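Accompanying notes for the structure given below.
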Protein chains: 4
Amino acid sequence: MEAFGDEFGEGSDERRWNAPEMWDVQPGWMSEEDLASTRGRVPMLYVEALPVRVDAGGRVTSVGLLLRGSATTGRITRSLVSGRVLHGEQLRDALMRNLEKDLGPTAFPVLPTTTIPAAIAEYFPWPTGRFHDPRQHAVALAFVVPVTGECHPRQDALEISWVSPEEAVSEGFAEELEGGRSSLLRQLLHHVGAI
Amino acid sequence: MEAFGDEFGEGSDERRWNAPEMWDVQPGWMSEEDLASTRGRVPMLYVEALPVRVDAGGRVTSVGLLLRGSATTGRITRSLVSGRVLHGEQLRDALMRNLEKDLGPTAFPVLPTTTIPAAIAEYFPWPTGRFHDPRQHAVALAFVVPVTGECHPRQDALEISWVSPEEAVSEGFAEELEGGRSSLLRQLLHHVGAI
Amino acid sequence: MEAFGDEFGEGSDERRWNAPEMWDVQPGWMSEEDLASTRGRVPMLYVEALPVRVDAGGRVTSVGLLLRGSATTGRITRSLVSGRVLHGEQLRDALMRNLEKDLGPTAFPVLPTTTIPAAIAEYFPWPTGRFHDPRQHAVALAFVVPVTGECHPRQDALEISWVSPEEAVSEGFAEELEGGRSSLLRQLLHHVGAI
Amino acid sequence: MEAFGDEFGEGSDERRWNAPEMWDVQPGWMSEEDLASTRGRVPMLYVEALPVRVDAGGRVTSVGLLLRGSATTGRITRSLVSGRVLHGEQLRDALMRNLEKDLGPTAFPVLPTTTIPAAIAEYFPWPTGRFHDPRQHAVALAFVVPVTGECHPRQDALEISWVSPEEAVSEGFAEELEGGRSSLLRQLLHHVGAI
């Protein structure tokens with residue numbers, strides 16, 4: 001089980017992206033060994049999404065936070081939707097794949113029209129700076145994503161809880177967000193004018 | 001008939017915004033005379049929206065341009081959805097009101113989660129600079145807005161035509177956009193990665 | 001003395017903007033009476049700027065907050081640089097004029113390359129919503145502006161104090177910011193990754 | 001010589017980033033073999049910068065384009081400043097390092113206060129889509145960066161030429177930009193309101 005909750009499982013739709021049929025695309029999947037060595041060499045590109053419910057005018061009315069078990073700390077933690085961008089995969093497809101993975105097949109995310117992110121989070125393995133990921137140097141493009149339909153987390157996310165923006169940034173919740181994501185959550189909620 | 005196509009008609013839903021009931025809110029409506037004198041004193045705040053169709057990943061697949069008669073030039077011109085922000089009205093409500101006015105009641109606009117615009121357009125009455133509006137100094141916050149449902153223009157818009165992003169920025173169309181809006185259209189389509 | 005601290009004094013450089021010489025531009029200046037009646041009819045367009053000091057990499061190291069007397073409450077309050085956009089004036093010129101007015105002639109603001117704001121603040125005269133201005137409905141485009149040189153506030157600003165981003169958002173300071181600007185300040189500091 | 005012009009040479013300032021002294025940071029440098037295998041496994045993170053000259057109000061007055069020899073095509077091509085983000089390196093440091101590498105030590109880039117990019121460019125090795133890089137899947141965060149001082153390109157860039165925004169997007173120049181960067185250039189110049 002992974003704190004970041006993002007690895008690419010067998011049987012995933014690896015071919016959704018736009019590589020021409022005849023192109024010898026490298027599979028996104030890597031062995032644990034290859035992944036570990038790659039993580040020591042280059043920054044890993046991630047997408048993160050804050051699932052929200054919105055009213056007819058696009059105002060954020062509630063915020064979905066995932067409850068997740070952390071392999072790193074053993075604690076139960078809260079998290080955003082988060083995952084690695086695979087080789088050959090478009091950012092929009094990485095977002096959709098990770099939203100589906102974490103929210104289930106009956107959730108309908110409404111992606112923004114632009115891939116310019118609402119926030120950039122730089123995670124470093126050393127415990128200095130705003131964001132921290134003990135496993136790696138990762139750079140995440142973060143988005144606020146309205147979701148309609150029913151959310152049923154799968155994989156390692158145990159549950160999704162919907163709370164008001166105010167509750168989401170309250171002290172109790174902030175402590176349960178890992179790696180500096182309480183700051184990211186605040187930034188995203190400010191960006192949409194919800195706090 | 002107005003080139004900018006935005007005035008607030010009788011019977012519009014003036015009270016949608018959030019003024020408390022007991023508040024003696026100034027009506028958004030003004031006499032022609034008051035409007036004219038106000039236009040000579042302060043910049044007028046506008047919202048503009050580019051209606052688009054998107055695929056499941058949020059990619060823009062087609063662009064809706066309004067066909068409109070111009071009081072200024074007598075020519076038939078193409079236009080974005082555009083209108084004034086009324087006194088006491090929230091930006092999101094101004095966007096929704098103008099989208100409904102121009103696309104009809106069976107169109108369902110999906111507003112962005114943030115009111116930070118994709119572009120800012122500064123119109124001046126003198127014919128210098130990037131944008132021009134012979135009537136006034138106006139500052140417009142411009143957004144790309146996905147629309148589902150059926151669009152049936154009302155009021156002074158004669159028709160909406162849906163074209164590909166490439167066609168929208170082709171030379172024939174660009175000439176039919178007034179006041180420098182072909183530049184605004186390009187900026188918005190670049191912003192969403194459609195051209 | 002004005003809470004918003006923005007009115008256009010006599011002798012200001014009214015003609016900096018780009019109206020051609022021969023154009024009969026309306027003066028930005030209005031009588032108190034005209035200003036009051038205009039404020040009751042349309043939203044007023046403002047620019048706001050958070051002055052910051054940055055290091056060579058563009059990281060915000062300190063934040064400049066103005067100490068100002070408030071005509072509304074009689075209290076001493078903290079404030080951002082803020083002012084009305086005049087008729088015929090470009091946004092960049094409005095920003096520069098208000099920065100000069102509040103920081104003095106020996107401060108050198110470095111304006112961003114884009115006029116797309118870092119935040120939008122909608123002030124309403126009724127005390128609901130995120131931002132409040134008892135005088136008017138105002139919409140402000142807000143920017144983070146690095147400043148070099150010496151800052152010597154003039155006009156109604158009594159003093160500028162430079163504090164760390166953390167201190168700026170601490171509880172003591174937040175209480176001294178009017179009209180919801182502590183939320184705006186946080187949004188701007190999140191936008192630049194300083195908190 | 002490389003089309004993307006970004007590799008990390010010997011003797012570069014590898015330790016500028018913020019890893020604590022005692023931290024066993026992985027060096028950013030990789031052997032050609034390691035780099036090649038990494039490129040086949042994950043998207044590579046890049047920063048790109050469009051150097052510009054600005055006036056006192058932040059308006060872009062001219063655009064700096066690098067003249068560069070391309071290893072891929074043998075042609076002389078124009079390019080933006082562009083380079084890989086190294087393991088452990090902050091985005092701002094990657095931007096500064098690549099700007100210094102391409103513009104020389106007497107150029108003084110003024111980085112934006114935010115790391116949220118003005119544009120995102122997704123390069124794929126297959127020749128479909130908006131951006132193309134024959135070597136790899138790369139995702140670039142692109143910025144507009146005002147530069148003061150003297151620019152003297154080093155390394156593989158032969159020359160920098162300063163042209164007006166209009167000239168930069170004219171047909172002759174557009175053809176000389178590789179991998180779809182003429183679209184990126186237009187997007188960046190629209191973002192700052194220069195075209």
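Residues in the structure tokens are named by chain (A, B, ... in the order shown) and by number from 1 within that chain; ligands are numbered from 1 in the order shown.
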Residues of chain B within 6 Å of chain A, counting only C-alpha atoms, as a list in words: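 Putting it all together, I get Gly57, Gly58, Arg92, Leu111, Pro112, Thr113, Thr114 and Val192 of chain B.
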Those of segment 40-191 of chain A in DSSP strand (DSSP E or B), formatted as number ranges by chain: A: 44-54, 60-69, 76-79, 81-84, 107-109, 119-124, 131-132, 138-149, 157-163, 177
Polymer residues at most 10 Å from His132 of chain C, only C-alpha atoms, same-chain spacing of 3 or more positions, as a list in words: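 The residues satisfying every condition are Ala121, Glu122, Tyr123, Phe124, Pro125, Trp126, Pro127, Thr128, Gly129, Arg135, Gln136, His137, Ala138, Glu178, Gly179, Gly180 and Arg181 of chain C.
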Å distance separating atom CA of Arg97 of chain B from atom CA of Val147 of chain B, one decimal place: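 Straight-line distance from atom CA of Arg97 of chain B to atom CA of Val147 of chain B works out to 13.9 Å.
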Helix (DSSP H, G or I) per DSSP on the backbone: members of chain C, as a PyMOL selection string: chain C and resi 32-39+91-103+165-168+171-175+181-191
Store the residues picked out above in a file with C-alpha atoms, as a PDB file, in the first residue's frame.
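Produced file selection13.pdb, reproduced below:
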```pdb
ATOM      1  CA  GLU C  32     -17.847  63.652  -5.138  1.00  0.00           C
ATOM      2  CA  GLU C  33     -21.481  63.831  -6.233  1.00  0.00           C
ATOM      3  CA  ASP C  34     -20.875  62.196  -9.594  1.00  0.00           C
ATOM      4  CA  LEU C  35     -18.729  59.527  -7.958  1.00  0.00           C
ATOM      5  CA  ALA C  36     -21.436  58.761  -5.425  1.00  0.00           C
ATOM      6  CA  SER C  37     -24.156  58.428  -8.056  1.00  0.00           C
ATOM      7  CA  THR C  38     -21.928  56.290 -10.286  1.00  0.00           C
ATOM      8  CA  ARG C  39     -21.163  53.992  -7.357  1.00  0.00           C
ATOM      9  CA  LEU C  91      -4.886  48.443 -16.129  1.00  0.00           C
ATOM     10  CA  ARG C  92      -1.093  48.562 -16.069  1.00  0.00           C
ATOM     11  CA  ASP C  93      -1.170  52.339 -15.729  1.00  0.00           C
ATOM     12  CA  ALA C  94      -3.737  52.127 -12.941  1.00  0.00           C
ATOM     13  CA  LEU C  95      -1.461  49.664 -11.145  1.00  0.00           C
ATOM     14  CA  MET C  96       1.614  51.863 -11.557  1.00  0.00           C
ATOM     15  CA  ARG C  97      -0.245  55.040 -10.506  1.00  0.00           C
ATOM     16  CA  ASN C  98      -1.599  53.428  -7.343  1.00  0.00           C
ATOM     17  CA  LEU C  99       1.710  51.796  -6.470  1.00  0.00           C
ATOM     18  CA  GLU C 100       3.463  55.149  -6.824  1.00  0.00           C
ATOM     19  CA  LYS C 101       0.774  56.905  -4.833  1.00  0.00           C
ATOM     20  CA  ASP C 102       1.069  54.438  -1.940  1.00  0.00           C
ATOM     21  CA  LEU C 103       4.793  53.566  -2.031  1.00  0.00           C
ATOM     22  CA  PRO C 165       4.865  35.787   4.731  1.00  0.00           C
ATOM     23  CA  GLU C 166       4.215  33.731   7.882  1.00  0.00           C
ATOM     24  CA  GLU C 167       3.902  36.826  10.030  1.00  0.00           C
ATOM     25  CA  ALA C 168       1.644  38.504   7.479  1.00  0.00           C
ATOM     26  CA  GLU C 171      -3.691  36.153  13.672  1.00  0.00           C
ATOM     27  CA  GLY C 172      -2.669  39.570  14.916  1.00  0.00           C
ATOM     28  CA  PHE C 173      -2.193  40.893  11.402  1.00  0.00           C
ATOM     29  CA  ALA C 174      -5.237  39.223   9.903  1.00  0.00           C
ATOM     30  CA  GLU C 175      -7.520  41.101  12.279  1.00  0.00           C
ATOM     31  CA  ARG C 181      -8.550  41.190   2.719  1.00  0.00           C
ATOM     32  CA  SER C 182      -6.939  38.690   5.069  1.00  0.00           C
ATOM     33  CA  SER C 183      -8.461  36.034   2.813  1.00  0.00           C
ATOM     34  CA  LEU C 184      -7.162  37.841  -0.284  1.00  0.00           C
ATOM     35  CA  LEU C 185      -3.708  38.120   1.282  1.00  0.00           C
ATOM     36  CA  ARG C 186      -3.655  34.378   1.979  1.00  0.00           C
ATOM     37  CA  GLN C 187      -4.799  33.600  -1.567  1.00  0.00           C
ATOM     38  CA  LEU C 188      -2.018  35.743  -3.051  1.00  0.00           C
ATOM     39  CA  LEU C 189       0.651  34.233  -0.792  1.00  0.00           C
ATOM     40  CA  HIS C 190      -0.524  30.708  -1.652  1.00  0.00           C
ATOM     41  CA  HIS C 191      -0.453  31.632  -5.337  1.00  0.00           C
TER      42      HIS C 191
END
```
Polymer residues at most 9 Å from Leu158 of chain B, only C-alpha atoms, same-chain spacing of 4 or more positions, as a list in words: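 Close residues of Leu158 of chain B: Leu66, Leu67, Arg68, Gly69, Pro153 and Arg154 of chain B.
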